[in-house]
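Below is start.txt, which holds compact mmCIF, C-alpha atoms and all ligand atoms.
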# COMPACT_ATOMS: atom_id res chain seq x y z
CA MET Z 1 55.50 0.18 -46.54
CA LEU Z 2 54.28 3.77 -46.62
CA LYS Z 3 52.10 3.13 -43.61
CA ARG Z 4 55.09 1.71 -41.74
CA ILE Z 5 57.28 4.69 -42.57
CA SER Z 6 54.71 7.22 -41.41
CA THR Z 7 54.05 5.35 -38.16
CA LEU Z 8 57.72 5.27 -37.32
CA ALA Z 9 58.23 8.88 -38.35
CA LEU Z 10 55.39 9.86 -36.04
CA ALA Z 11 57.09 7.97 -33.27
CA GLY Z 12 59.97 10.41 -33.73
CA LEU Z 13 62.70 7.94 -34.56
CA THR Z 14 65.85 9.75 -35.56
CA ALA Z 15 67.31 7.06 -37.71
CA VAL Z 16 65.20 4.31 -39.04
CA THR Z 17 65.94 1.77 -41.70
CA LEU Z 18 63.17 -0.51 -42.71
CA ALA Z 19 63.94 -3.84 -44.17
CA GLY Z 20 60.96 -5.66 -45.49
CA CYS Z 21 62.51 -9.09 -45.48
CA GLY Z 22 60.51 -11.94 -46.94
CA GLY Z 23 57.24 -12.98 -45.41
CA GLY Z 24 53.79 -11.66 -46.05
CA GLY Z 25 53.91 -8.89 -43.44
CA GLY Z 26 51.23 -10.28 -41.20
CA GLY Z 27 52.15 -7.66 -38.59
CA ALA Z 28 49.42 -6.34 -36.32
CA GLY Z 29 49.86 -9.33 -34.06
CA ALA Z 30 46.90 -10.41 -36.14
CA SER Z 31 48.88 -13.16 -37.72
CA GLY Z 32 50.65 -14.15 -34.51
CA GLY Z 33 52.25 -16.49 -36.98
CA GLY Z 34 48.70 -17.78 -37.58
CA ASP Z 35 48.95 -17.44 -41.36
CA GLY Z 36 52.51 -18.67 -41.21
CA SER Z 37 54.04 -15.18 -41.26
CA ILE Z 38 55.76 -13.44 -38.37
CA THR Z 39 56.63 -9.75 -38.07
CA MET Z 40 59.51 -8.85 -35.78
CA GLY Z 41 60.28 -5.33 -34.57
CA PHE Z 42 64.00 -5.08 -33.89
CA SER Z 43 65.61 -2.10 -32.15
CA GLN Z 44 69.36 -2.03 -32.72
CA VAL Z 45 71.77 -0.06 -30.51
CA GLY Z 46 73.44 1.81 -33.38
CA ALA Z 47 76.33 1.37 -35.77
CA GLU Z 48 79.13 2.17 -33.36
CA SER Z 49 81.50 -0.67 -34.17
CA GLY Z 50 82.48 -3.35 -36.66
CA TRP Z 51 80.80 -5.82 -34.31
CA ARG Z 52 77.51 -3.94 -34.51
CA THR Z 53 77.61 -3.78 -38.33
CA ALA Z 54 78.15 -7.55 -38.46
CA ASN Z 55 75.34 -8.10 -35.95
CA THR Z 56 72.88 -6.00 -37.99
CA LYS Z 57 73.79 -7.93 -41.14
CA SER Z 58 73.31 -11.23 -39.33
CA VAL Z 59 69.86 -10.21 -38.03
CA GLN Z 60 68.69 -8.88 -41.41
CA GLU Z 61 69.96 -11.85 -43.42
CA SER Z 62 68.61 -14.39 -40.94
CA ALA Z 63 65.15 -12.78 -40.91
CA LYS Z 64 65.06 -13.02 -44.68
CA ALA Z 65 66.20 -16.65 -44.64
CA ALA Z 66 63.60 -17.52 -41.98
CA GLY Z 67 60.75 -15.77 -43.84
CA ILE Z 68 60.28 -13.30 -40.98
CA THR Z 69 59.25 -9.72 -41.84
CA LEU Z 70 61.71 -7.44 -40.08
CA LYS Z 71 61.03 -3.88 -38.98
CA PHE Z 72 64.46 -2.55 -38.11
CA SER Z 73 65.42 0.67 -36.33
CA ASP Z 74 68.81 2.11 -35.43
CA ALA Z 75 68.77 3.96 -32.07
CA GLN Z 76 72.08 5.76 -32.58
CA GLN Z 77 73.22 4.70 -29.10
CA LYS Z 78 70.31 6.51 -27.42
CA GLN Z 79 67.94 4.78 -25.01
CA GLU Z 80 65.13 7.26 -25.74
CA ASN Z 81 65.20 6.22 -29.41
CA GLN Z 82 64.95 2.56 -28.45
CA ILE Z 83 61.98 3.24 -26.19
CA LYS Z 84 60.26 5.15 -29.02
CA ALA Z 85 60.96 2.31 -31.43
CA ILE Z 86 59.57 -0.31 -29.03
CA ARG Z 87 56.42 1.79 -28.46
CA SER Z 88 56.03 2.11 -32.20
CA TYR Z 89 56.32 -1.68 -32.60
CA ILE Z 90 53.66 -2.12 -29.90
CA GLN Z 91 51.36 0.30 -31.75
CA GLN Z 92 51.93 -1.62 -34.96
CA LYS Z 93 51.08 -4.88 -33.16
CA VAL Z 94 54.11 -6.79 -34.37
CA ASP Z 95 54.26 -10.46 -33.37
CA VAL Z 96 57.53 -10.25 -31.46
CA ILE Z 97 59.93 -7.52 -30.37
CA ALA Z 98 63.67 -8.08 -30.13
CA PHE Z 99 66.19 -5.51 -29.00
CA SER Z 100 69.73 -5.02 -27.86
CA PRO Z 101 69.45 -2.57 -24.94
CA VAL Z 102 71.98 0.24 -25.13
CA VAL Z 103 72.11 0.45 -21.31
CA GLU Z 104 70.97 -1.97 -18.60
CA SER Z 105 68.57 0.21 -16.59
CA GLY Z 106 65.28 1.95 -17.25
CA TRP Z 107 63.31 -0.58 -19.27
CA ASP Z 108 60.55 -1.73 -16.93
CA THR Z 109 57.84 0.69 -18.07
CA VAL Z 110 58.13 0.01 -21.78
CA LEU Z 111 58.54 -3.73 -21.25
CA LYS Z 112 55.36 -3.74 -19.16
CA GLU Z 113 53.59 -1.98 -22.04
CA ALA Z 114 54.72 -4.77 -24.38
CA ARG Z 115 53.57 -7.41 -21.93
CA ASN Z 116 50.16 -5.72 -21.53
CA ALA Z 117 49.86 -5.75 -25.31
CA LYS Z 118 50.74 -9.48 -25.22
CA ILE Z 119 53.77 -9.02 -27.46
CA PRO Z 120 56.68 -11.26 -26.44
CA VAL Z 121 60.09 -9.63 -26.09
CA ILE Z 122 63.49 -11.21 -26.72
CA LEU Z 123 66.68 -9.57 -25.47
CA THR Z 124 69.58 -10.04 -27.83
CA ASP Z 125 73.25 -9.32 -27.18
CA ARG Z 126 72.78 -7.17 -24.04
CA ALA Z 127 70.86 -7.66 -20.81
CA VAL Z 128 68.57 -5.40 -18.78
CA ASP Z 129 68.66 -5.17 -14.99
CA SER Z 130 64.87 -5.51 -14.47
CA LYS Z 131 64.04 -7.53 -11.36
CA ASP Z 132 60.97 -8.92 -13.14
CA THR Z 133 62.47 -11.42 -15.55
CA GLY Z 134 58.95 -12.19 -16.77
CA LEU Z 135 59.15 -8.96 -18.79
CA TYR Z 136 61.02 -10.83 -21.52
CA LYS Z 137 60.95 -14.39 -22.79
CA THR Z 138 64.65 -15.06 -23.17
CA PHE Z 139 68.06 -13.41 -23.39
CA LEU Z 140 70.34 -14.50 -26.24
CA GLY Z 141 73.92 -13.28 -26.08
CA SER Z 142 77.44 -13.57 -24.76
CA ASP Z 143 78.61 -13.99 -21.19
CA PHE Z 144 80.35 -10.61 -20.88
CA VAL Z 145 81.66 -11.30 -17.36
CA GLU Z 146 83.38 -14.41 -18.68
CA GLU Z 147 84.88 -12.36 -21.53
CA GLY Z 148 86.41 -10.00 -18.95
CA ARG Z 149 87.74 -12.98 -17.00
CA LYS Z 150 89.38 -14.41 -20.12
CA ALA Z 151 91.12 -11.08 -20.72
CA GLY Z 152 92.35 -11.04 -17.10
CA LYS Z 153 93.58 -14.64 -17.25
CA TRP Z 154 95.73 -13.88 -20.28
CA LEU Z 155 97.31 -10.99 -18.39
CA LEU Z 156 98.02 -13.16 -15.36
CA GLU Z 157 99.76 -15.71 -17.56
CA GLU Z 158 101.69 -13.07 -19.54
CA TYR Z 159 103.13 -11.49 -16.37
CA LYS Z 160 103.34 -14.61 -14.21
CA SER Z 161 107.08 -14.47 -13.68
CA GLY Z 162 107.45 -10.74 -12.86
CA THR Z 163 106.97 -8.90 -9.60
CA ASP Z 164 107.22 -5.31 -10.93
CA PRO Z 165 104.02 -3.25 -11.01
CA VAL Z 166 101.99 -3.61 -14.22
CA ASN Z 167 100.26 -0.33 -15.08
CA ILE Z 168 97.00 -0.90 -16.91
CA VAL Z 169 94.73 1.59 -18.65
CA GLU Z 170 91.18 0.57 -19.47
CA LEU Z 171 88.95 1.81 -22.29
CA GLN Z 172 85.42 1.01 -21.17
CA GLY Z 173 82.43 0.52 -23.43
CA THR Z 174 79.31 2.69 -23.31
CA THR Z 175 78.65 3.82 -19.74
CA GLY Z 176 75.85 1.82 -18.14
CA SER Z 177 75.83 -0.87 -20.85
CA ALA Z 178 75.94 -4.52 -19.88
CA PRO Z 179 79.19 -5.26 -21.77
CA ALA Z 180 80.97 -2.30 -20.14
CA ASN Z 181 79.79 -3.23 -16.64
CA ASP Z 182 80.43 -6.95 -17.01
CA ARG Z 183 83.74 -6.84 -18.88
CA LYS Z 184 85.10 -4.52 -16.22
CA ALA Z 185 83.82 -6.74 -13.42
CA GLY Z 186 85.13 -10.00 -14.91
CA PHE Z 187 88.58 -8.52 -15.56
CA GLN Z 188 88.79 -6.99 -12.08
CA GLU Z 189 87.71 -10.29 -10.49
CA VAL Z 190 90.70 -12.07 -12.03
CA ILE Z 191 93.46 -9.47 -11.67
CA GLY Z 192 92.20 -8.08 -8.34
CA GLY Z 193 93.90 -10.83 -6.37
CA GLU Z 194 97.41 -9.70 -7.40
CA ALA Z 195 98.68 -6.40 -6.06
CA LYS Z 196 101.14 -5.85 -8.93
CA PHE Z 197 98.28 -5.19 -11.38
CA LYS Z 198 97.17 -1.57 -11.13
CA ILE Z 199 94.45 0.04 -13.22
CA ILE Z 200 95.90 3.55 -13.33
CA ALA Z 201 93.18 5.03 -15.56
CA SER Z 202 89.78 3.87 -16.76
CA GLN Z 203 87.39 5.83 -18.94
CA THR Z 204 84.67 5.24 -21.50
CA GLY Z 205 85.48 5.28 -25.19
CA ASP Z 206 81.82 4.55 -26.05
CA PHE Z 207 82.81 1.48 -28.10
CA THR Z 208 83.96 3.73 -31.00
CA ARG Z 209 87.30 4.03 -32.75
CA ALA Z 210 87.30 7.85 -32.64
CA LYS Z 211 86.63 7.99 -28.90
CA GLY Z 212 89.14 5.20 -28.24
CA LYS Z 213 91.81 7.28 -29.95
CA GLU Z 214 90.86 10.48 -28.16
CA VAL Z 215 90.81 8.92 -24.69
CA MET Z 216 94.07 7.00 -25.29
CA GLU Z 217 95.77 10.25 -26.33
CA ALA Z 218 94.73 11.73 -22.99
CA PHE Z 219 95.91 8.61 -21.11
CA LEU Z 220 99.31 8.79 -22.83
CA LYS Z 221 99.75 12.45 -21.90
CA ALA Z 222 98.82 11.86 -18.27
CA HIS Z 223 100.68 8.55 -17.80
CA PRO Z 224 104.11 8.06 -19.41
CA ASP Z 225 104.36 4.60 -17.80
CA ILE Z 226 101.53 2.55 -19.34
CA ASP Z 227 102.33 -1.18 -19.71
CA VAL Z 228 98.96 -2.57 -20.79
CA LEU Z 229 95.79 -1.38 -22.51
CA TYR Z 230 92.58 -3.33 -21.87
CA ALA Z 231 89.96 -2.14 -24.37
CA HIS Z 232 86.38 -3.42 -24.09
CA ASN Z 233 86.18 -3.79 -27.88
CA ASP Z 234 88.38 -3.98 -30.96
CA ASP Z 235 87.29 -0.61 -32.35
CA MET Z 236 88.45 1.33 -29.29
CA GLY Z 237 91.67 -0.70 -29.32
CA LEU Z 238 92.23 0.19 -32.98
CA GLY Z 239 91.68 3.88 -32.26
CA ALA Z 240 94.09 3.61 -29.33
CA ILE Z 241 96.73 2.02 -31.57
CA GLU Z 242 96.68 5.19 -33.70
CA ALA Z 243 97.19 7.26 -30.55
CA ILE Z 244 100.05 5.03 -29.36
CA GLU Z 245 101.81 5.21 -32.73
CA GLY Z 246 101.20 8.97 -32.79
CA ALA Z 247 103.00 9.18 -29.45
CA GLY Z 248 106.02 7.37 -30.93
CA LYS Z 249 105.41 4.08 -29.10
CA VAL Z 250 105.04 0.60 -30.54
CA PRO Z 251 101.64 -1.02 -29.92
CA GLY Z 252 101.89 -4.67 -28.91
CA LYS Z 253 105.45 -4.14 -27.61
CA ASP Z 254 105.85 -0.92 -25.60
CA ILE Z 255 102.21 -1.23 -24.60
CA LYS Z 256 100.55 -4.66 -24.62
CA ILE Z 257 96.97 -4.62 -25.84
CA ILE Z 258 94.02 -6.88 -25.04
CA THR Z 259 90.67 -6.30 -26.76
CA ILE Z 260 87.30 -8.02 -27.12
CA ASP Z 261 85.25 -8.89 -30.27
CA ALA Z 262 87.59 -10.42 -32.89
CA VAL Z 263 86.21 -8.54 -35.92
CA LYS Z 264 88.37 -8.67 -39.04
CA ASP Z 265 90.18 -5.35 -38.45
CA GLY Z 266 91.00 -6.39 -34.91
CA MET Z 267 92.17 -9.82 -36.03
CA GLN Z 268 94.39 -8.19 -38.68
CA ALA Z 269 95.98 -5.95 -36.03
CA LEU Z 270 96.48 -9.04 -33.84
CA ALA Z 271 98.10 -10.94 -36.72
CA ASP Z 272 100.30 -7.88 -37.39
CA GLY Z 273 101.51 -7.91 -33.77
CA LYS Z 274 99.84 -4.62 -32.78
CA ILE Z 275 97.33 -6.33 -30.47
CA ASN Z 276 98.48 -9.15 -28.18
CA TYR Z 277 95.27 -11.03 -27.40
CA ILE Z 278 91.61 -10.90 -28.40
CA VAL Z 279 88.66 -12.42 -26.57
CA GLU Z 280 85.95 -13.31 -29.06
CA CYS Z 281 82.41 -11.93 -28.82
CA SER Z 282 80.28 -13.29 -31.64
CA PRO Z 283 77.86 -10.94 -33.43
CA LEU Z 284 76.30 -13.76 -35.47
CA LEU Z 285 73.17 -13.98 -33.36
CA GLY Z 286 70.64 -13.79 -36.21
CA PRO Z 287 69.93 -17.51 -36.85
CA GLN Z 288 69.37 -18.32 -33.16
CA LEU Z 289 67.27 -15.19 -32.73
CA MET Z 290 64.92 -16.20 -35.54
CA ASP Z 291 64.56 -19.74 -34.13
CA LEU Z 292 63.70 -18.34 -30.72
CA ALA Z 293 61.26 -15.84 -32.25
CA LYS Z 294 59.35 -18.60 -34.05
CA LYS Z 295 59.08 -20.55 -30.81
CA VAL Z 296 57.92 -17.68 -28.61
CA VAL Z 297 55.32 -16.59 -31.19
CA LYS Z 298 53.96 -20.16 -31.21
CA GLY Z 299 53.86 -20.07 -27.41
CA GLU Z 300 56.49 -22.78 -27.06
CA SER Z 301 58.84 -22.66 -24.09
CA VAL Z 302 62.40 -21.42 -24.62
CA PRO Z 303 65.39 -21.37 -22.26
CA ALA Z 304 65.53 -18.22 -20.12
CA ARG Z 305 69.15 -17.70 -21.17
CA VAL Z 306 70.98 -18.75 -24.34
CA VAL Z 307 74.74 -18.14 -24.11
CA THR Z 308 76.79 -17.68 -27.27
CA GLU Z 309 79.78 -19.98 -27.77
CA GLU Z 310 83.06 -18.07 -28.07
CA THR Z 311 86.81 -18.53 -28.11
CA THR Z 312 90.01 -16.47 -27.73
CA PHE Z 313 92.84 -15.64 -30.16
CA THR Z 314 96.59 -15.28 -29.83
CA GLN Z 315 98.62 -13.65 -32.60
CA GLU Z 316 99.40 -17.04 -34.19
CA GLN Z 317 95.77 -18.17 -33.99
CA ALA Z 318 94.64 -14.92 -35.62
CA LYS Z 319 96.96 -15.52 -38.60
CA ALA Z 320 95.42 -18.96 -39.07
CA ALA Z 321 91.81 -17.83 -38.61
CA LEU Z 322 91.88 -14.64 -40.72
CA PRO Z 323 91.34 -16.14 -44.18
CA GLN Z 324 88.01 -17.70 -43.08
CA ARG Z 325 86.84 -14.85 -40.88
CA GLN Z 326 83.29 -13.89 -41.93
CA TYR Z 327 83.16 -10.41 -40.40
O1 LIG Z 401 77.25 -5.52 -26.96
C1 LIG Z 401 78.34 -5.99 -27.70
C2 LIG Z 401 79.34 -4.90 -27.85
O2 LIG Z 401 78.75 -3.78 -28.46
C3 LIG Z 401 80.54 -5.21 -28.72
O3 LIG Z 401 81.58 -5.80 -28.03
C4 LIG Z 401 80.92 -3.85 -29.16
O4 LIG Z 401 81.85 -3.83 -30.19
C5 LIG Z 401 79.60 -3.33 -29.50
O5 LIG Z 401 79.51 -2.03 -29.81
Spell out the structure here as structure tokens.
Ligand code: AHR
Amino acid sequence: MLKRISTLALAGLTAVTLAGCGGGGGGAGASGGGDGSITMGFSQVGAESGWRTANTKSVQESAKAAGITLKFSDAQQKQENQIKAIRSYIQQKVDVIAFSPVVESGWDTVLKEARNAKIPVILTDRAVDSKDTGLYKTFLGSDFVEEGRKAGKWLLEEYKSGTDPVNIVELQGTTGSAPANDRKAGFQEVIGGEAKFKIIASQTGDFTRAKGKEVMEAFLKAHPDIDVLYAHNDDMGLGAIEAIEGAGKVPGKDIKIITIDAVKDGMQALADGKINYIVECSPLLGPQLMDLAKKVVKGESVPARVVTEETTFTQEQAKAALPQRQY
């Protein structure tokens, strides 16, 4: 453990949590699963949202259950920290690297280093835009474009009988991240065909509650006529609700709200009538990730893309689902 800590510290990671979960710590690619143990280096985006916390828990618990030794690092939403973490995992000769890329671009160099070191890489949750798809073995995660489409379809249905303009403000996720790019694109694809829908303001809230509140306060000051808020995750929507209430308006009524994720706090706000619709994005990727890791370490073939199954929630559905909600 001491050796691991010093290696990571040398790599300059700003926030690193190590979880030695199960397994005999074969590491060094030496085991390659050969003695039955697998070491995975996992670089997480950060702890920016309820979704992310649930995702980290799922990865850590699933590694333990699968007998995989997990080296875990938190990049605090910074690409440079993820690159340092991946390089550190390469140096340590882990058997497999998994990571959730904070942004889509800029990964080719480090992924080539992993490939040269013969360490397979699995993308989880978020994609990269590398042209060379041979740089990673598989991508496990949601279809973010489809999530954006689902949000747009609800809006179309909600306003199907009216002809008045519908003024929408959008709280985008982290700039340059796959979910921000794709959720925007999917939503725009669906509402773009109807002239009455107007996105009057769109800005990043970095997937955090605090930033969601701050940006919504600015939107409310600049635009007294907001009909709809589309927030790329629950946390930003929840921050925005505070801003809307602070401005003396009623969330869910004066301003209709659509969010993505369906974490417990979001579902509670939906059940309470403060959010109108949530598109689910599941953070429970851990079990599938560990299965894929075992296969790629053994050299077995895996699908290039594994899409997470997800649903949507109305206010009534949220009331029914809340008691069993895991996260
Ligand atoms: O990549 C998934 C997104 O990242 C979630 O929707 C958001 O809450 C998180 O921060």
Non-local contacts of Gln268 in chain Z (12 Å; all atoms listed in the file; under 5 positions in same chain excluded) as a PyMOL selection string
chain Z and resi 234+238+262-263+273-278+313-323+325+327
Please return as a short mmCIF file (atom, residue, chain, number, x, y, z; two decimals) with C-alpha atoms, keeping the file's coordinate frame the residues found within 10 Å of ligand LIG 401 (chain Z), counting only C-alpha atoms and all ligand atoms.
data_model
loop_
_atom_site.label_atom_id
_atom_site.label_comp_id
_atom_site.auth_asym_id
_atom_site.auth_seq_id
_atom_site.Cartn_x
_atom_site.Cartn_y
_atom_site.Cartn_z
CA VAL Z 45 71.77 -0.06 -30.51
CA GLY Z 46 73.44 1.81 -33.38
CA ALA Z 47 76.33 1.37 -35.77
CA GLU Z 48 79.13 2.17 -33.36
CA SER Z 49 81.50 -0.67 -34.17
CA GLY Z 50 82.48 -3.35 -36.66
CA TRP Z 51 80.80 -5.82 -34.31
CA ARG Z 52 77.51 -3.94 -34.51
CA THR Z 53 77.61 -3.78 -38.33
CA ALA Z 54 78.15 -7.55 -38.46
CA ASN Z 55 75.34 -8.10 -35.95
CA GLN Z 77 73.22 4.70 -29.10
CA SER Z 100 69.73 -5.02 -27.86
CA PRO Z 101 69.45 -2.57 -24.94
CA VAL Z 102 71.98 0.24 -25.13
CA VAL Z 103 72.11 0.45 -21.31
CA THR Z 124 69.58 -10.04 -27.83
CA ASP Z 125 73.25 -9.32 -27.18
CA ARG Z 126 72.78 -7.17 -24.04
CA ALA Z 127 70.86 -7.66 -20.81
CA GLY Z 141 73.92 -13.28 -26.08
CA SER Z 142 77.44 -13.57 -24.76
CA PHE Z 144 80.35 -10.61 -20.88
CA GLU Z 147 84.88 -12.36 -21.53
CA GLY Z 173 82.43 0.52 -23.43
CA THR Z 174 79.31 2.69 -23.31
CA SER Z 177 75.83 -0.87 -20.85
CA ALA Z 178 75.94 -4.52 -19.88
CA PRO Z 179 79.19 -5.26 -21.77
CA ALA Z 180 80.97 -2.30 -20.14
CA ARG Z 183 83.74 -6.84 -18.88
CA ASP Z 206 81.82 4.55 -26.05
CA PHE Z 207 82.81 1.48 -28.10
CA THR Z 208 83.96 3.73 -31.00
CA ARG Z 209 87.30 4.03 -32.75
CA ALA Z 231 89.96 -2.14 -24.37
CA HIS Z 232 86.38 -3.42 -24.09
CA ASN Z 233 86.18 -3.79 -27.88
CA ASP Z 234 88.38 -3.98 -30.96
CA ASP Z 235 87.29 -0.61 -32.35
CA MET Z 236 88.45 1.33 -29.29
CA THR Z 259 90.67 -6.30 -26.76
CA ILE Z 260 87.30 -8.02 -27.12
CA ASP Z 261 85.25 -8.89 -30.27
CA ALA Z 262 87.59 -10.42 -32.89
CA VAL Z 263 86.21 -8.54 -35.92
CA VAL Z 279 88.66 -12.42 -26.57
CA GLU Z 280 85.95 -13.31 -29.06
CA CYS Z 281 82.41 -11.93 -28.82
CA SER Z 282 80.28 -13.29 -31.64
CA PRO Z 283 77.86 -10.94 -33.43
#
Centre and size of axis-aligned box enclosing range 150-162 of chain Z plus 5 Å each side, as JSON:
{"center_x": 98.4, "center_y": -13.2, "center_z": -16.8, "size_x": 28.1, "size_y": 15.0, "size_z": 17.9}
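Taking all atoms listed in the file into account, Thr109 in chain Z lies nearest to Z:Leu135 out of the set Z:Leu135, Z:Val215, Z:Ala85, Z:Ile244.
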Contacts of Gly148 in chain Z within 8 Å, only C-alpha atoms, excl. fewer than 6 positions in-chain, as number ranges by chain:
Z: 182-188
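Here CA of Gly212 in chain Z and CA of Thr311 in chain Z stand 23.8 Å from one another.
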One residue among Z:Arg305, Z:Lys211, Z:Lys137, Z:Lys131 is nearest to Trp107 in chain Z when using all atoms listed in the file, and that residue is Z:Lys131
Report as a list in words all protein, DNA and RNA residues lying within 7 Å of range 223-226 of chain Z, evaluated on all atoms listed in the file, omitting residues in the same chain fewer than 2 positions from it.
Asn167, Ile168, Val169, Phe219, Leu220, Lys221, Val228 and Ile255 of chain Z
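You will find CA of Glu245 in chain Z at 20.5 Å from CA of Thr204 in chain Z.
The interatomic distance for the pair CA of Leu70 in chain Z and CA of Thr175 in chain Z works out to 28.8 Å.
Within 8 Å of Glu170 in chain Z, once only C-alpha atoms are used and residues closer than 2 positions along the same chain are dropped, the contacting residues are Z:Ile168, Z:Gln172, Z:Ile199, Z:Ala201, Z:Ser202, Z:Gln203, Z:Leu229, Z:Tyr230, Z:Ala231, Z:His232.
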Give one line per residue of range 204-289 of chain Z that approaches range 61-65 of chain Z to at most 9 Å, naming the two atoms of the closest pair and their distance in Å to one decimal, counting only C-alpha atoms; sort by chain then ascending residue number and deliver it as a tab-separated table.
residue	atom	partner	partner_atom	distance
Z:Leu285	CA	Z:Ser62	CA	8.9
Z:Gly286	CA	Z:Ser62	CA	5.2
Z:Pro287	CA	Z:Ser62	CA	5.3
Z:Gln288	CA	Z:Ser62	CA	8.7
Z:Leu289	CA	Z:Ser62	CA	8.4
8 Å contact set for Ile122 in chain Z, all atoms listed in the file, chain neighbours under 2 positions out, as a PyMOL selection string
chain Z and resi 96-99+120+124+136-140+293
Of the residues Z:Leu111, Z:Leu123, Z:Ala222, Z:Ala117, which is the one nearest to Val307 in chain Z, using all atoms listed in the file?
Z:Leu123
Counting all atoms listed in the file, which of Z:Ile257, Z:Gly176, Z:Val297, Z:Glu242 gets nearest to Glu158 in chain Z?
Z:Ile257
Residue nearest Glu309 in chain Z among Z:Ile258, Z:Met290, Z:Val128, Z:Leu284 (counting all atoms listed in the file)
Z:Leu284
